[in-house]
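Okay, structure first, notes after.
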Amino acid sequence: MIKNRFKYVPLLLIIIAAAAVWFSGVFDVLTFDSIKAHRLELLQFVQDNTAASVGAFALLYIATVALSLPIASVLTLLSGFLFGVALGAVIVVLSATIGATIIFGVAKTALGTSLRDRAGPFYNKVANNMRSNGFQYMLFMRFVPVVPFFIANILPALFDIKVRDFAITTLIGIVPGTIVYANIGRELGTLNGLGDLVSPQTLLAFALLGVLSLIPVVIKLFKRKAV
C-alpha cells in the first residue's frame, strides 16, 4: 500500500513545481514581446558565453516540457535566433525529447498503472489497438500540430506504450516543426507575434506527414478485412 502511494510523489512534485512557476511571474519575462525587445542583448550574451548558454537553454527547455509550461513555442523560436537553425534545432529536439520522456514516465507510473488496474472492456480494446499501432499513432500526434504537445506527452502514458517507442516517435516527430520554428526564429526582429510563425502551407505539410504516418495502420485494417 505504501509503495503504491509513493508512485504519485513524482507527479505531485511536478504539479507543485509547475504551480510555483505559474505564480512566480516568470511568464511576464519570458514573453514573445519581451524576448524580441531584448534580442540584441541576448544574442551578445550567447556569443560571449556559448557553451554555458547552450547548457542553460537545454536545461530550461527540458524543465519547460517536463512541467508542461506554455512557453515551448517561444523558446523554440528563440533557439533559432540565438544558436542558428542547425544547432538550435538539435538542442530543442534533444531537450524536448528528454523533457517529454520524463513527464511520460511519471504519468505512466502514476496514472497509467492505476487506470490499467481499474480497466474495463472498452479500455482493454483501445489498449490492444494502441499496443499494435501505438508507434504510428504517436508519430501522427507529433507530426500534426492540432494535438497539443503536452497532451501528446501524457495520453500515451495511459496505455501500455513502451518508453523506448515514446522517445523515438517524439525524437522523430518533432523534427519538422522544430526546424520550421527555428528557421523562422532567425528573423525574430521582423515577426509581430506568434501568429506569424506558421503559414497555412506549413500546417498542410504537417497534416500530410501525419496522414503518411497512419498508412501502416490503414493497411493492417484492410488486410484484416480481406482475411
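By convention in this document, the chains of the C-alpha cells carry letters A, B, ... by their order, each chain's residues are numbered from 1, and ligands are numbered from 1 in the order they are shown.
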Inset, instruction - Could you give me, as a list of chain:residue names, the residues within 10 Å of Asp165 (chain A), counting only C-alpha atoms and dropping anything in the same chain fewer than 4 positions from it? - result: A:Gly134, A:Phe135, A:Gln136, A:Met138, A:Leu139, A:Ile161, A:Thr169, A:Thr170, A:Leu171
Legend entry - Near-Leu78 (chain A) list (10 Å; only C-alpha atoms; drop same-chain fewer than 5 positions) as a VMD selection string: chain A and resid 32 35 to 36 39 42 to 43 57 72 to 73 83 to 84 88 181 to 188
Could you write out that same residue set with N, CA and C atoms as a PDB file, in the first residue's frame?
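Result file follows (out-v5.pdb):
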```
ATOM      1  N   PHE A  32       6.980  36.673 -25.856  1.00  0.00           N
ATOM      2  CA  PHE A  32       7.485  36.968 -27.195  1.00  0.00           C
ATOM      3  C   PHE A  32       7.958  38.419 -27.288  1.00  0.00           C
ATOM      4  N   ILE A  35      11.227  39.057 -25.199  1.00  0.00           N
ATOM      5  CA  ILE A  35      12.414  38.489 -25.845  1.00  0.00           C
ATOM      6  C   ILE A  35      12.782  39.293 -27.090  1.00  0.00           C
ATOM      7  N   LYS A  36      11.774  39.700 -27.831  1.00  0.00           N
ATOM      8  CA  LYS A  36      12.030  40.494 -29.035  1.00  0.00           C
ATOM      9  C   LYS A  36      12.684  41.826 -28.676  1.00  0.00           C
ATOM     10  N   ARG A  39      16.451  41.157 -27.748  1.00  0.00           N
ATOM     11  CA  ARG A  39      17.107  40.164 -28.591  1.00  0.00           C
ATOM     12  C   ARG A  39      18.589  40.458 -28.802  1.00  0.00           C
ATOM     13  N   LEU A  42      20.537  39.473 -25.656  1.00  0.00           N
ATOM     14  CA  LEU A  42      20.583  38.017 -25.544  1.00  0.00           C
ATOM     15  C   LEU A  42      21.589  37.435 -26.534  1.00  0.00           C
ATOM     16  N   LEU A  43      21.583  37.946 -27.747  1.00  0.00           N
ATOM     17  CA  LEU A  43      22.496  37.456 -28.780  1.00  0.00           C
ATOM     18  C   LEU A  43      23.946  37.704 -28.377  1.00  0.00           C
ATOM     19  N   PHE A  57      20.173  26.787 -21.774  1.00  0.00           N
ATOM     20  CA  PHE A  57      18.978  26.754 -22.619  1.00  0.00           C
ATOM     21  C   PHE A  57      18.396  25.346 -22.664  1.00  0.00           C
ATOM     22  N   ALA A  72       7.035  26.735 -24.752  1.00  0.00           N
ATOM     23  CA  ALA A  72       7.919  25.954 -25.619  1.00  0.00           C
ATOM     24  C   ALA A  72       8.040  26.584 -27.007  1.00  0.00           C
ATOM     25  N   SER A  73       6.936  27.104 -27.528  1.00  0.00           N
ATOM     26  CA  SER A  73       6.968  27.710 -28.869  1.00  0.00           C
ATOM     27  C   SER A  73       7.889  28.925 -28.898  1.00  0.00           C
ATOM     28  N   PHE A  83      21.070  30.444 -31.627  1.00  0.00           N
ATOM     29  CA  PHE A  83      22.062  29.415 -31.950  1.00  0.00           C
ATOM     30  C   PHE A  83      22.113  29.039 -33.431  1.00  0.00           C
ATOM     31  N   GLY A  84      21.217  29.604 -34.229  1.00  0.00           N
ATOM     32  CA  GLY A  84      21.146  29.207 -35.619  1.00  0.00           C
ATOM     33  C   GLY A  84      20.212  28.024 -35.783  1.00  0.00           C
ATOM     34  N   GLY A  88      20.286  25.146 -33.019  1.00  0.00           N
ATOM     35  CA  GLY A  88      19.060  25.408 -32.270  1.00  0.00           C
ATOM     36  C   GLY A  88      18.090  24.251 -32.359  1.00  0.00           C
ATOM     37  N   TYR A 181      10.141  26.292 -36.839  1.00  0.00           N
ATOM     38  CA  TYR A 181      10.167  27.357 -35.836  1.00  0.00           C
ATOM     39  C   TYR A 181      11.563  27.965 -35.699  1.00  0.00           C
ATOM     40  N   ALA A 182      12.587  27.110 -35.654  1.00  0.00           N
ATOM     41  CA  ALA A 182      13.952  27.614 -35.506  1.00  0.00           C
ATOM     42  C   ALA A 182      14.359  28.447 -36.718  1.00  0.00           C
ATOM     43  N   ASN A 183      13.929  28.029 -37.897  1.00  0.00           N
ATOM     44  CA  ASN A 183      14.247  28.772 -39.112  1.00  0.00           C
ATOM     45  C   ASN A 183      13.589  30.149 -39.102  1.00  0.00           C
ATOM     46  N   ILE A 184      12.334  30.188 -38.693  1.00  0.00           N
ATOM     47  CA  ILE A 184      11.639  31.477 -38.610  1.00  0.00           C
ATOM     48  C   ILE A 184      12.247  32.329 -37.501  1.00  0.00           C
ATOM     49  N   GLY A 185      12.758  31.664 -36.469  1.00  0.00           N
ATOM     50  CA  GLY A 185      13.361  32.390 -35.353  1.00  0.00           C
ATOM     51  C   GLY A 185      14.541  33.243 -35.751  1.00  0.00           C
ATOM     52  N   ARG A 186      15.167  32.924 -36.864  1.00  0.00           N
ATOM     53  CA  ARG A 186      16.285  33.752 -37.344  1.00  0.00           C
ATOM     54  C   ARG A 186      15.827  35.167 -37.655  1.00  0.00           C
ATOM     55  N   GLU A 187      14.542  35.301 -37.995  1.00  0.00           N
ATOM     56  CA  GLU A 187      14.002  36.610 -38.349  1.00  0.00           C
ATOM     57  C   GLU A 187      13.190  37.187 -37.187  1.00  0.00           C
ATOM     58  N   LEU A 188      13.684  36.981 -35.983  1.00  0.00           N
ATOM     59  CA  LEU A 188      12.947  37.390 -34.788  1.00  0.00           C
ATOM     60  C   LEU A 188      12.525  38.853 -34.817  1.00  0.00           C
TER      61      LEU A 188
END
```
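Shortest atom-to-atom contact with Val92 (chain A) among A:Ile62, A:Ala107, A:Val180, A:Leu67: A:Ile62, counting only C-alpha atoms.
The interatomic distance for the pair CA of Val29 (chain A) and CA of Thr178 (chain A) works out to 22.5 Å.
CA of Asn129 (chain A) to CA of Met141 (chain A) spans 15.6 Å [interatomic distance, one decimal].
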